[in-house]
>>> print(open('model_0.cif').read())   # mmCIF, C-alpha atoms and all ligand atoms
data_model
#
loop_
_atom_site.label_atom_id
_atom_site.label_comp_id
_atom_site.auth_asym_id
_atom_site.auth_seq_id
_atom_site.Cartn_x
_atom_site.Cartn_y
_atom_site.Cartn_z
CA MET L 1 12.25 -2.11 -27.97
CA SER L 2 15.52 -1.10 -29.64
CA GLU L 3 18.27 -3.70 -29.11
CA SER L 4 20.77 -0.84 -28.53
CA VAL L 5 19.17 -0.22 -25.10
CA LYS L 6 21.26 -1.42 -22.12
CA PRO L 7 20.33 -4.74 -20.42
CA ALA L 8 19.45 -2.99 -17.14
CA GLU L 9 17.04 -0.74 -19.03
CA ARG L 10 15.54 -3.75 -20.76
CA ARG L 11 14.92 -5.41 -17.41
CA GLY L 12 13.49 -2.10 -16.21
CA ALA L 13 11.08 -2.18 -19.13
CA ALA L 14 9.92 -5.65 -18.08
CA ARG L 15 9.13 -4.18 -14.65
CA THR L 16 7.53 -0.89 -15.51
CA SER L 17 5.58 -2.00 -18.55
CA LEU L 18 3.65 -4.64 -16.59
CA VAL L 19 2.91 -2.37 -13.64
CA TRP L 20 1.76 0.24 -16.12
CA GLU L 21 -0.47 -2.24 -17.93
CA ALA L 22 -2.10 -3.18 -14.61
CA LEU L 23 -2.62 0.44 -13.65
CA LEU L 24 -3.94 1.71 -16.96
CA PRO L 25 -7.49 0.33 -16.62
CA VAL L 26 -7.76 2.11 -13.23
CA LEU L 27 -6.57 5.38 -14.73
CA GLU L 28 -8.79 5.09 -17.78
CA ALA L 29 -11.93 3.68 -16.13
CA VAL L 30 -13.70 6.94 -15.34
CA GLY L 31 -12.85 9.01 -18.40
CA THR L 32 -12.42 12.23 -16.39
CA PRO L 33 -9.25 13.65 -14.80
CA LEU L 34 -8.42 11.97 -11.49
CA ASP L 35 -6.47 13.29 -8.51
CA VAL L 36 -3.41 11.07 -8.28
CA VAL L 37 -0.85 11.19 -5.46
CA ASP L 38 2.50 9.48 -5.91
CA ILE L 39 4.00 9.08 -2.45
CA GLY L 40 7.76 8.62 -2.67
CA GLY L 41 7.39 9.23 -6.38
CA GLY L 42 11.07 10.17 -6.67
CA THR L 43 12.10 11.55 -10.04
CA GLY L 44 8.61 10.94 -11.42
CA GLY L 45 9.05 8.14 -13.94
CA PHE L 46 5.48 7.03 -13.31
CA ALA L 47 4.03 10.40 -12.37
CA VAL L 48 4.79 12.03 -15.71
CA ARG L 49 3.18 9.16 -17.60
CA VAL L 50 0.06 9.46 -15.44
CA ALA L 51 0.00 13.23 -15.99
CA GLY L 52 0.36 12.56 -19.72
CA LEU L 53 -3.06 10.89 -19.57
CA GLY L 54 -4.55 14.18 -18.36
CA HIS L 55 -4.75 13.46 -14.62
CA ARG L 56 -3.81 15.91 -11.83
CA VAL L 57 -0.69 14.41 -10.29
CA THR L 58 1.11 15.33 -7.08
CA VAL L 59 4.43 13.74 -6.17
CA VAL L 60 5.29 13.86 -2.46
CA ASP L 61 8.90 12.97 -1.75
CA PRO L 62 11.44 13.91 0.94
CA SER L 63 14.28 14.32 -1.56
CA PRO L 64 14.76 17.83 -3.01
CA ASP L 65 17.08 16.37 -5.66
CA ALA L 66 14.44 13.90 -6.79
CA LEU L 67 11.84 16.67 -6.94
CA ALA L 68 14.19 18.84 -9.02
CA ALA L 69 14.71 15.94 -11.44
CA LEU L 70 10.93 15.42 -11.56
CA ASP L 71 10.46 19.07 -12.42
CA ARG L 72 12.98 18.83 -15.29
CA ARG L 73 11.40 15.63 -16.57
CA ALA L 74 7.90 17.11 -16.49
CA ARG L 75 9.00 20.29 -18.29
CA GLU L 76 10.78 18.33 -21.03
CA LEU L 77 7.65 16.44 -22.01
CA PRO L 78 5.86 18.85 -21.21
CA VAL L 79 3.30 17.81 -18.58
CA GLU L 80 2.20 19.35 -15.31
CA VAL L 81 3.12 17.54 -12.10
CA ALA L 82 3.05 19.17 -8.67
CA GLY L 83 6.14 18.25 -6.65
CA ARG L 84 5.81 18.65 -2.87
CA GLN L 85 8.52 18.00 -0.34
CA GLY L 86 7.27 15.70 2.39
CA ASP L 87 7.17 12.11 3.46
CA VAL L 88 4.57 9.61 4.46
CA SER L 89 4.30 11.10 7.95
CA SER L 90 3.35 14.52 6.54
CA LEU L 91 1.25 13.19 3.65
CA VAL L 92 -2.14 14.17 5.07
CA ASP L 93 -0.92 17.70 5.81
CA VAL L 94 0.59 18.06 2.35
CA VAL L 95 -2.23 16.74 0.16
CA GLY L 96 -5.22 16.61 2.53
CA ALA L 97 -7.37 13.77 3.85
CA GLY L 98 -9.75 12.23 1.31
CA SER L 99 -8.11 14.09 -1.56
CA ALA L 100 -6.93 11.29 -3.89
CA ASP L 101 -8.70 9.00 -6.33
CA VAL L 102 -5.50 7.03 -6.80
CA VAL L 103 -2.38 6.76 -4.65
CA LEU L 104 0.79 5.26 -6.07
CA CYS L 105 3.15 3.83 -3.47
CA HIS L 106 5.93 2.20 -5.43
CA GLY L 107 9.16 1.12 -3.77
CA VAL L 108 8.43 3.04 -0.57
CA LEU L 109 7.14 0.58 2.05
CA GLU L 110 10.63 -0.92 1.88
CA VAL L 111 12.19 2.20 3.41
CA VAL L 112 9.62 3.74 5.77
CA ASP L 113 9.90 3.18 9.53
CA ARG L 114 6.40 1.71 9.91
CA PRO L 115 4.74 0.18 6.84
CA ASP L 116 1.51 -0.32 8.82
CA VAL L 117 1.31 3.37 9.73
CA ALA L 118 2.20 4.34 6.15
CA LEU L 119 -0.69 2.30 4.75
CA ALA L 120 -3.12 3.72 7.32
CA THR L 121 -2.05 7.23 6.24
CA ILE L 122 -2.52 6.36 2.59
CA ARG L 123 -6.00 5.06 3.37
CA GLU L 124 -6.77 8.41 5.00
CA VAL L 125 -5.69 10.26 1.86
CA LEU L 126 -7.78 8.08 -0.48
CA ARG L 127 -11.34 9.07 -1.29
CA PRO L 128 -13.98 6.40 -0.66
CA GLY L 129 -13.66 3.93 -3.54
CA GLY L 130 -10.16 5.21 -4.37
CA THR L 131 -7.40 2.84 -5.47
CA LEU L 132 -3.94 2.18 -4.08
CA SER L 133 -1.26 0.94 -6.44
CA LEU L 134 1.34 -0.69 -4.22
CA LEU L 135 4.68 -2.03 -5.45
CA VAL L 136 6.98 -3.75 -2.98
CA ALA L 137 10.13 -5.86 -3.06
CA GLN L 138 9.41 -9.49 -2.38
CA ARG L 139 11.48 -11.56 0.00
CA PHE L 140 11.55 -14.97 -1.69
CA ALA L 141 13.01 -13.63 -4.92
CA ALA L 142 15.88 -12.23 -2.88
CA VAL L 143 16.33 -15.62 -1.21
CA VAL L 144 16.66 -17.25 -4.65
CA ALA L 145 19.04 -14.53 -5.85
CA ARG L 146 21.28 -14.95 -2.76
CA ALA L 147 21.31 -18.73 -3.12
CA MET L 148 22.17 -18.54 -6.83
CA ALA L 149 25.07 -16.26 -5.96
CA GLY L 150 26.33 -18.88 -3.48
CA HIS L 151 25.39 -16.85 -0.38
CA PHE L 152 23.56 -19.74 1.25
CA ALA L 153 23.71 -18.53 4.85
CA GLN L 154 22.31 -15.13 3.83
CA ALA L 155 19.56 -16.87 1.85
CA LEU L 156 18.67 -18.91 4.91
CA THR L 157 18.33 -15.87 7.19
CA MET L 158 16.09 -14.16 4.62
CA LEU L 159 13.56 -16.97 4.57
CA GLU L 160 11.54 -16.27 7.75
CA PRO L 161 8.01 -15.50 6.52
CA ASP L 162 6.10 -14.02 9.43
CA ALA L 163 2.69 -12.54 8.75
CA GLY L 164 1.97 -12.30 12.47
CA ARG L 165 4.73 -9.76 12.96
CA ALA L 166 3.36 -7.71 10.07
CA ALA L 167 -0.02 -7.57 11.79
CA ALA L 168 1.65 -6.14 14.88
CA GLY L 169 3.53 -3.58 12.75
CA ALA L 170 6.69 -5.27 13.93
CA LEU L 171 8.40 -6.05 10.64
CA PRO L 172 12.17 -5.81 10.80
CA GLY L 173 13.63 -2.35 10.15
CA PRO L 174 14.47 -1.46 6.56
CA GLY L 175 18.21 -2.02 6.97
CA ARG L 176 20.72 -0.89 4.37
CA SER L 177 19.16 -2.61 1.37
CA GLY L 178 15.53 -1.99 2.33
CA ARG L 179 12.83 -4.24 3.74
CA ARG L 180 11.34 -7.08 1.69
CA PHE L 181 7.89 -8.59 2.09
CA THR L 182 6.09 -11.84 1.57
CA GLU L 183 2.67 -11.78 -0.04
CA ALA L 184 1.14 -12.86 3.29
CA GLU L 185 2.76 -9.91 5.03
CA VAL L 186 1.50 -7.49 2.40
CA ARG L 187 -2.02 -8.86 2.64
CA THR L 188 -1.94 -8.62 6.43
CA LEU L 189 -0.68 -5.04 6.30
CA LEU L 190 -3.38 -4.04 3.80
CA ALA L 191 -6.13 -5.66 5.85
CA GLY L 192 -4.81 -3.90 8.96
CA ALA L 193 -5.20 -0.57 7.17
CA GLY L 194 -8.72 -1.46 6.05
CA LEU L 195 -7.72 -1.95 2.40
CA ASP L 196 -8.86 -4.89 0.23
CA ALA L 197 -6.43 -6.37 -2.28
CA LEU L 198 -8.30 -6.46 -5.61
CA ALA L 199 -5.45 -7.87 -7.69
CA VAL L 200 -1.95 -9.12 -6.95
CA HIS L 201 0.67 -9.33 -9.70
CA GLY L 202 4.12 -10.88 -9.76
CA ILE L 203 6.55 -8.45 -11.38
CA ARG L 204 9.97 -9.59 -12.68
CA VAL L 205 9.59 -13.32 -12.19
CA PHE L 206 12.45 -13.97 -14.62
CA ALA L 207 13.92 -10.60 -15.55
CA ASP L 208 16.50 -10.46 -12.77
CA LEU L 209 17.61 -14.05 -13.29
CA VAL L 210 18.42 -13.63 -16.99
CA PRO L 211 22.11 -12.99 -17.74
CA GLY L 212 22.62 -9.57 -19.32
CA ALA L 213 24.42 -11.20 -22.27
CA VAL L 214 21.22 -12.99 -23.31
CA LEU L 215 19.38 -9.69 -23.60
CA ASP L 216 22.43 -8.12 -25.24
CA LEU L 217 23.15 -10.70 -27.88
CA GLU L 218 19.91 -12.37 -28.84
CA PRO L 219 17.79 -10.33 -31.21
CA GLY L 220 14.23 -10.00 -29.92
CA ALA L 221 15.10 -11.43 -26.49
CA SER L 222 13.94 -8.33 -24.58
CA ALA L 223 10.53 -8.28 -26.21
CA ALA L 224 10.18 -12.05 -25.71
CA LEU L 225 11.09 -11.62 -22.03
CA VAL L 226 8.40 -8.98 -21.55
CA GLU L 227 5.91 -11.28 -23.24
CA LEU L 228 6.90 -14.14 -20.93
CA GLU L 229 6.62 -11.86 -17.89
CA ARG L 230 3.16 -10.79 -19.10
CA ALA L 231 2.10 -14.43 -19.36
CA VAL L 232 3.02 -15.11 -15.72
CA VAL L 233 2.01 -11.82 -14.10
CA ASP L 234 -1.21 -13.38 -12.80
CA ARG L 235 0.11 -16.91 -12.15
CA PRO L 236 0.02 -17.61 -8.40
CA GLU L 237 2.32 -20.67 -8.78
CA LEU L 238 5.21 -18.45 -9.87
CA ARG L 239 4.34 -15.34 -7.87
CA PRO L 240 6.59 -16.06 -4.86
CA LEU L 241 9.58 -15.90 -7.22
CA ALA L 242 8.77 -12.41 -8.48
CA THR L 243 11.22 -9.69 -7.48
CA GLN L 244 8.29 -7.38 -6.77
CA LEU L 245 4.63 -7.68 -5.91
CA HIS L 246 2.22 -5.20 -7.42
CA VAL L 247 -1.10 -4.89 -5.62
CA LEU L 248 -4.18 -2.90 -6.52
CA ALA L 249 -6.18 -2.28 -3.37
CA ARG L 250 -9.29 -0.35 -2.44
C1 LIG L 301 13.10 3.27 -4.47
S1 LIG L 301 12.60 4.92 -4.63
C2 LIG L 301 11.11 4.72 -5.53
C3 LIG L 301 10.82 5.87 -6.41
C4 LIG L 301 9.57 5.71 -7.29
N1 LIG L 301 8.37 5.54 -6.50
C5 LIG L 301 9.74 4.60 -8.26
O1 LIG L 301 9.01 3.60 -8.20
O2 LIG L 301 10.63 4.68 -9.13
C6 LIG L 301 12.05 5.33 -3.00
C7 LIG L 301 11.57 6.74 -2.88
O3 LIG L 301 10.98 6.90 -1.57
C8 LIG L 301 11.36 8.15 -1.05
N2 LIG L 301 11.25 8.06 0.42
C9 LIG L 301 12.18 7.71 1.33
N3 LIG L 301 11.66 7.74 2.58
C10 LIG L 301 10.36 8.12 2.45
C11 LIG L 301 9.29 8.34 3.36
N4 LIG L 301 9.46 8.17 4.68
N5 LIG L 301 8.08 8.74 2.89
C12 LIG L 301 7.91 8.90 1.55
N6 LIG L 301 8.89 8.70 0.63
C13 LIG L 301 10.09 8.31 1.07
C14 LIG L 301 12.77 8.36 -1.57
O4 LIG L 301 13.15 9.73 -1.58
C15 LIG L 301 12.66 7.79 -2.98
O5 LIG L 301 12.29 8.76 -3.92
#
>>> encode(input="model_0.cif", output="structure tokens")
Amino acid sequence: MSESVKPAERRGAARTSLVWEALLPVLEAVGTPLDVVDIGGGTGGFAVRVAGLGHRVTVVDPSPDALAALDRRARELPVEVAGRQGDVSSLVDVVGAGSADVVLCHGVLEVVDRPDVALATIREVLRPGGTLSLLVAQRFAAVVARAMAGHFAQALTMLEPDAGRAAAGALPGPGRSGRRFTEAEVRTLLAGAGLDALAVHGIRVFADLVPGAVLDLEPGASAALVELERAVVDRPELRPLATQLHVLAR
């Protein structure tokens, strides 16, 4: 990666490159075009890459601005991506039950009213044997970040892991900065929707803790960071510290 890229973009690369690497075998396994739905796909950063592999991609998002940006991005490349306005509650109406080989749900469970209902809807949209790629913000990383910033009381209130509440669909509301999950909560939610977690990855174990100046000033630091992140993506000991959890489920 060019060292002229901004630190935030370098951290972004550490996030997206590892999620992409985990997803690629799923997208390449069959060798024929797949129907891929990206719920809450936003401006289509992932969707256009998936479409670039030759798959039929539909982004469903409530934001007209995001869909317009997606359209521009797709045309620039150029690739074909269908943008549909809708949200998780209208997903079945928009794309149809049993219509998707792969559903991407990245950064969305944090903001929906009912993560349990959202996952049940996604299950309905998946074909039998289809794969969900789920990316969610993880709570313990935020606890560490708050504590390191000296916000100890905030860190303390964020601790509360509670898989039981997830099972009842009673996770706290998203709040201003979005909901965060523990791995136990995610597993409980998936099981409640009848989905099996095939693989769980820790994304951004270190990336958000590294001072921007390190990535700015040290030649090769960004690439070395991505390599370090890759080495720990499957390490359960470090997973609770990851900013995000990426789960492949079926
Ligand atoms: C944090 S962004 C994630 C965008 C993209 N998936 C990504 O990973 O870069 C959250 C997206 O969810 C969309 N969104 C908000 N509420 C939603 C809902 N109820 N159902 C589906 N998408 C929703 C937003 O418009 C936004 O594009």
>>> closest_atom_pairs(input="model_0.cif", of="chain L", to="ligand LIG 301 (chain L)", cutoff="10 Å", atoms="all atoms listed in the file", output="tab-separated table")
residue	atom	partner	partner_atom	distance
L:Thr16	CA	L:LIG301	O1	8.7
L:Asp38	CA	L:LIG301	N1	7.1
L:Ile39	CA	L:LIG301	C12	5.6
L:Gly40	CA	L:LIG301	N6	3.5
L:Gly41	CA	L:LIG301	N1	3.8
L:Gly42	CA	L:LIG301	O5	3.3
L:Thr43	CA	L:LIG301	O5	6.7
L:Gly44	CA	L:LIG301	C4	6.7
L:Gly45	CA	L:LIG301	O2	6.1
L:Phe46	CA	L:LIG301	O2	7.0
L:Ala47	CA	L:LIG301	N1	8.8
L:Val59	CA	L:LIG301	N1	9.1
L:Val60	CA	L:LIG301	C12	6.9
L:Asp61	CA	L:LIG301	N6	4.9
L:Pro62	CA	L:LIG301	O4	5.2
L:Ser63	CA	L:LIG301	O4	4.7
L:Pro64	CA	L:LIG301	O4	8.4
L:Asp65	CA	L:LIG301	O4	8.7
L:Ala66	CA	L:LIG301	O5	6.3
L:Leu67	CA	L:LIG301	O5	8.5
L:Gln85	CA	L:LIG301	C12	9.3
L:Gly86	CA	L:LIG301	C12	6.9
L:Asp87	CA	L:LIG301	N5	3.5
L:Val88	CA	L:LIG301	N5	3.9
L:Ser89	CA	L:LIG301	N5	6.7
L:Ser90	CA	L:LIG301	N5	8.3
L:Leu91	CA	L:LIG301	N5	8.2
L:Leu104	CA	L:LIG301	N1	7.6
L:Cys105	CA	L:LIG301	N1	6.3
L:His106	CA	L:LIG301	N1	4.3
L:Gly107	CA	L:LIG301	C2	4.5
L:Val108	CA	L:LIG301	O3	4.7
L:Leu109	CA	L:LIG301	C11	8.2
L:Glu110	CA	L:LIG301	C1	8.0
L:Val111	CA	L:LIG301	N3	5.6
L:Val112	CA	L:LIG301	N4	4.6
L:Asp113	CA	L:LIG301	N4	7.0
L:Arg114	CA	L:LIG301	N4	8.9
L:Pro115	CA	L:LIG301	N4	9.5
L:Ala118	CA	L:LIG301	N5	8.0
L:Leu134	CA	L:LIG301	O1	9.6
L:Leu135	CA	L:LIG301	O1	7.6
L:Val136	CA	L:LIG301	O1	9.2
L:Ala137	CA	L:LIG301	C1	9.7
L:Gly178	CA	L:LIG301	C1	8.9
>>> write_last_selection(input="model_0.cif", atoms="C-alpha atoms", output="mmCIF file, in the coordinates of the input")
data_model
loop_
_atom_site.group_PDB
_atom_site.id
_atom_site.type_symbol
_atom_site.label_atom_id
_atom_site.label_comp_id
_atom_site.auth_asym_id
_atom_site.auth_seq_id
_atom_site.Cartn_x
_atom_site.Cartn_y
_atom_site.Cartn_z
ATOM 1 C CA THR L 16 7.530 -0.890 -15.510
ATOM 2 C CA ASP L 38 2.500 9.480 -5.910
ATOM 3 C CA ILE L 39 4.000 9.080 -2.450
ATOM 4 C CA GLY L 40 7.760 8.620 -2.670
ATOM 5 C CA GLY L 41 7.390 9.230 -6.380
ATOM 6 C CA GLY L 42 11.070 10.170 -6.670
ATOM 7 C CA THR L 43 12.100 11.550 -10.040
ATOM 8 C CA GLY L 44 8.610 10.940 -11.420
ATOM 9 C CA GLY L 45 9.050 8.140 -13.940
ATOM 10 C CA PHE L 46 5.480 7.030 -13.310
ATOM 11 C CA ALA L 47 4.030 10.400 -12.370
ATOM 12 C CA VAL L 59 4.430 13.740 -6.170
ATOM 13 C CA VAL L 60 5.290 13.860 -2.460
ATOM 14 C CA ASP L 61 8.900 12.970 -1.750
ATOM 15 C CA PRO L 62 11.440 13.910 0.940
ATOM 16 C CA SER L 63 14.280 14.320 -1.560
ATOM 17 C CA PRO L 64 14.760 17.830 -3.010
ATOM 18 C CA ASP L 65 17.080 16.370 -5.660
ATOM 19 C CA ALA L 66 14.440 13.900 -6.790
ATOM 20 C CA LEU L 67 11.840 16.670 -6.940
ATOM 21 C CA GLN L 85 8.520 18.000 -0.340
ATOM 22 C CA GLY L 86 7.270 15.700 2.390
ATOM 23 C CA ASP L 87 7.170 12.110 3.460
ATOM 24 C CA VAL L 88 4.570 9.610 4.460
ATOM 25 C CA SER L 89 4.300 11.100 7.950
ATOM 26 C CA SER L 90 3.350 14.520 6.540
ATOM 27 C CA LEU L 91 1.250 13.190 3.650
ATOM 28 C CA LEU L 104 0.790 5.260 -6.070
ATOM 29 C CA CYS L 105 3.150 3.830 -3.470
ATOM 30 C CA HIS L 106 5.930 2.200 -5.430
ATOM 31 C CA GLY L 107 9.160 1.120 -3.770
ATOM 32 C CA VAL L 108 8.430 3.040 -0.570
ATOM 33 C CA LEU L 109 7.140 0.580 2.050
ATOM 34 C CA GLU L 110 10.630 -0.920 1.880
ATOM 35 C CA VAL L 111 12.190 2.200 3.410
ATOM 36 C CA VAL L 112 9.620 3.740 5.770
ATOM 37 C CA ASP L 113 9.900 3.180 9.530
ATOM 38 C CA ARG L 114 6.400 1.710 9.910
ATOM 39 C CA PRO L 115 4.740 0.180 6.840
ATOM 40 C CA ALA L 118 2.200 4.340 6.150
ATOM 41 C CA LEU L 134 1.340 -0.690 -4.220
ATOM 42 C CA LEU L 135 4.680 -2.030 -5.450
ATOM 43 C CA VAL L 136 6.980 -3.750 -2.980
ATOM 44 C CA ALA L 137 10.130 -5.860 -3.060
ATOM 45 C CA GLY L 178 15.530 -1.990 2.330
#
>>> atom_distance(input="model_0.cif", atom1="CA of Ser222 in chain L", atom2="CA of Arg73 in chain L")
25.4 Å
>>> residues_around(input="model_0.cif", residues="range 21-28 of chain L", least_positions_apart="2", cutoff="8 Å", atoms="only C-alpha atoms", output="list in words")
Ser17, Leu18, Val19, Val30, Gly31, Leu34, Val50, Thr131 and Ser133 of chain L
>>> atom_distance(input="model_0.cif", atom1="CA of Ala147 in chain L", atom2="CA of Thr243 in chain L")
14.2 Å
>>> atom_distance(input="model_0.cif", atom1="CA of Arg56 in chain L", atom2="CA of Asp35 in chain L")
5.0 Å
>>> closest_residue(input="model_0.cif", among="L:Val92, L:Val144, L:Val48, L:Val214", to="Arg72 in chain L", atoms="all atoms listed in the file")
L:Val48
>>> axis_aligned_box(input="model_0.cif", around="range 94-112 of chain L", padding_each_side="4 Å", output="lines of an AutoDock Vina configuration file")
center_x = 1.2
center_y = 8.6
center_z = -0.5
size_x = 29.9
size_y = 27.0
size_z = 20.6
>>> closest_residue(input="model_0.cif", among="L:Ala74, L:Ile122, L:Ala153, L:Val233", to="His201 in chain L", atoms="only C-alpha atoms")
L:Val233
>>> residues_around(input="model_0.cif", residues="Gly54 in chain L", least_positions_apart="3", cutoff="9 Å", atoms="all atoms listed in the file", output="mmCIF file with C-alpha atoms, keeping the file's coordinate frame")
data_model
loop_
_atom_site.group_PDB
_atom_site.id
_atom_site.type_symbol
_atom_site.label_atom_id
_atom_site.label_comp_id
_atom_site.auth_asym_id
_atom_site.auth_seq_id
_atom_site.Cartn_x
_atom_site.Cartn_y
_atom_site.Cartn_z
ATOM 1 C CA THR L 32 -12.420 12.230 -16.390
ATOM 2 C CA PRO L 33 -9.250 13.650 -14.800
ATOM 3 C CA LEU L 34 -8.420 11.970 -11.490
ATOM 4 C CA VAL L 50 0.060 9.460 -15.440
ATOM 5 C CA ALA L 51 0.000 13.230 -15.990
ATOM 6 C CA VAL L 57 -0.690 14.410 -10.290
ATOM 7 C CA VAL L 79 3.300 17.810 -18.580
#
>>> build_atoms(input="model_0.cif", residues="range 76-95 of chain L", atoms="N, CA, C and O atoms", output="PDB file, in the frame of the given file")
ATOM      1  N   GLU L  76      10.298  18.815 -19.728  1.00  0.00           N
ATOM      2  CA  GLU L  76      10.780  18.330 -21.030  1.00  0.00           C
ATOM      3  C   GLU L  76       9.634  17.788 -21.873  1.00  0.00           C
ATOM      4  O   GLU L  76       9.632  17.897 -23.082  1.00  0.00           O
ATOM      5  N   LEU L  77       8.636  17.199 -21.226  1.00  0.00           N
ATOM      6  CA  LEU L  77       7.650  16.440 -22.010  1.00  0.00           C
ATOM      7  C   LEU L  77       6.713  17.275 -22.893  1.00  0.00           C
ATOM      8  O   LEU L  77       6.513  16.898 -24.059  1.00  0.00           O
ATOM      9  N   PRO L  78       6.053  18.312 -22.544  1.00  0.00           N
ATOM     10  CA  PRO L  78       5.860  18.850 -21.210  1.00  0.00           C
ATOM     11  C   PRO L  78       4.531  18.352 -20.628  1.00  0.00           C
ATOM     12  O   PRO L  78       3.541  18.224 -21.350  1.00  0.00           O
ATOM     13  N   VAL L  79       4.546  18.099 -19.314  1.00  0.00           N
ATOM     14  CA  VAL L  79       3.300  17.810 -18.580  1.00  0.00           C
ATOM     15  C   VAL L  79       3.375  18.543 -17.254  1.00  0.00           C
ATOM     16  O   VAL L  79       4.456  18.947 -16.833  1.00  0.00           O
ATOM     17  N   GLU L  80       2.216  18.684 -16.620  1.00  0.00           N
ATOM     18  CA  GLU L  80       2.200  19.350 -15.310  1.00  0.00           C
ATOM     19  C   GLU L  80       2.142  18.324 -14.200  1.00  0.00           C
ATOM     20  O   GLU L  80       1.221  17.507 -14.150  1.00  0.00           O
ATOM     21  N   VAL L  81       3.126  18.384 -13.300  1.00  0.00           N
ATOM     22  CA  VAL L  81       3.120  17.540 -12.100  1.00  0.00           C
ATOM     23  C   VAL L  81       3.502  18.429 -10.934  1.00  0.00           C
ATOM     24  O   VAL L  81       4.492  19.154 -11.001  1.00  0.00           O
ATOM     25  N   ALA L  82       2.711  18.383  -9.864  1.00  0.00           N
ATOM     26  CA  ALA L  82       3.050  19.170  -8.670  1.00  0.00           C
ATOM     27  C   ALA L  82       4.020  18.355  -7.816  1.00  0.00           C
ATOM     28  O   ALA L  82       3.706  17.232  -7.440  1.00  0.00           O
ATOM     29  N   GLY L  83       5.174  18.905  -7.545  1.00  0.00           N
ATOM     30  CA  GLY L  83       6.140  18.250  -6.650  1.00  0.00           C
ATOM     31  C   GLY L  83       6.071  18.905  -5.280  1.00  0.00           C
ATOM     32  O   GLY L  83       6.145  20.130  -5.176  1.00  0.00           O
ATOM     33  N   ARG L  84       5.886  18.112  -4.232  1.00  0.00           N
ATOM     34  CA  ARG L  84       5.810  18.650  -2.870  1.00  0.00           C
ATOM     35  C   ARG L  84       6.807  17.909  -1.987  1.00  0.00           C
ATOM     36  O   ARG L  84       6.824  16.681  -1.982  1.00  0.00           O
ATOM     37  N   GLN L  85       7.585  18.680  -1.246  1.00  0.00           N
ATOM     38  CA  GLN L  85       8.520  18.000  -0.340  1.00  0.00           C
ATOM     39  C   GLN L  85       7.767  17.522   0.898  1.00  0.00           C
ATOM     40  O   GLN L  85       7.009  18.288   1.522  1.00  0.00           O
ATOM     41  N   GLY L  86       7.943  16.275   1.230  1.00  0.00           N
ATOM     42  CA  GLY L  86       7.270  15.700   2.390  1.00  0.00           C
ATOM     43  C   GLY L  86       7.520  14.209   2.401  1.00  0.00           C
ATOM     44  O   GLY L  86       8.155  13.677   1.489  1.00  0.00           O
ATOM     45  N   ASP L  87       7.046  13.567   3.429  1.00  0.00           N
ATOM     46  CA  ASP L  87       7.170  12.110   3.460  1.00  0.00           C
ATOM     47  C   ASP L  87       5.844  11.537   3.920  1.00  0.00           C
ATOM     48  O   ASP L  87       4.848  12.261   4.047  1.00  0.00           O
ATOM     49  N   VAL L  88       5.852  10.237   4.176  1.00  0.00           N
ATOM     50  CA  VAL L  88       4.570   9.610   4.460  1.00  0.00           C
ATOM     51  C   VAL L  88       3.976  10.151   5.771  1.00  0.00           C
ATOM     52  O   VAL L  88       2.756  10.226   5.919  1.00  0.00           O
ATOM     53  N   SER L  89       4.826  10.601   6.671  1.00  0.00           N
ATOM     54  CA  SER L  89       4.300  11.100   7.950  1.00  0.00           C
ATOM     55  C   SER L  89       3.620  12.465   7.795  1.00  0.00           C
ATOM     56  O   SER L  89       2.793  12.846   8.619  1.00  0.00           O
ATOM     57  N   SER L  90       3.979  13.204   6.747  1.00  0.00           N
ATOM     58  CA  SER L  90       3.350  14.520   6.540  1.00  0.00           C
ATOM     59  C   SER L  90       2.345  14.496   5.390  1.00  0.00           C
ATOM     60  O   SER L  90       1.822  15.543   4.983  1.00  0.00           O
ATOM     61  N   LEU L  91       2.061  13.298   4.874  1.00  0.00           N
ATOM     62  CA  LEU L  91       1.250  13.190   3.650  1.00  0.00           C
ATOM     63  C   LEU L  91      -0.129  13.854   3.784  1.00  0.00           C
ATOM     64  O   LEU L  91      -0.561  14.581   2.883  1.00  0.00           O
ATOM     65  N   VAL L  92      -0.793  13.608   4.907  1.00  0.00           N
ATOM     66  CA  VAL L  92      -2.140  14.170   5.070  1.00  0.00           C
ATOM     67  C   VAL L  92      -2.074  15.696   5.095  1.00  0.00           C
ATOM     68  O   VAL L  92      -2.899  16.382   4.481  1.00  0.00           O
ATOM     69  N   ASP L  93      -1.072  16.241   5.772  1.00  0.00           N
ATOM     70  CA  ASP L  93      -0.920  17.700   5.810  1.00  0.00           C
ATOM     71  C   ASP L  93      -0.634  18.262   4.426  1.00  0.00           C
ATOM     72  O   ASP L  93      -1.103  19.347   4.063  1.00  0.00           O
ATOM     73  N   VAL L  94       0.157  17.535   3.655  1.00  0.00           N
ATOM     74  CA  VAL L  94       0.590  18.060   2.350  1.00  0.00           C
ATOM     75  C   VAL L  94      -0.520  17.997   1.316  1.00  0.00           C
ATOM     76  O   VAL L  94      -0.750  18.963   0.583  1.00  0.00           O
ATOM     77  N   VAL L  95      -1.231  16.867   1.238  1.00  0.00           N
ATOM     78  CA  VAL L  95      -2.230  16.740   0.160  1.00  0.00           C
ATOM     79  C   VAL L  95      -3.671  16.798   0.666  1.00  0.00           C
ATOM     80  O   VAL L  95      -4.597  17.018  -0.111  1.00  0.00           O
TER      81      VAL L  95
END
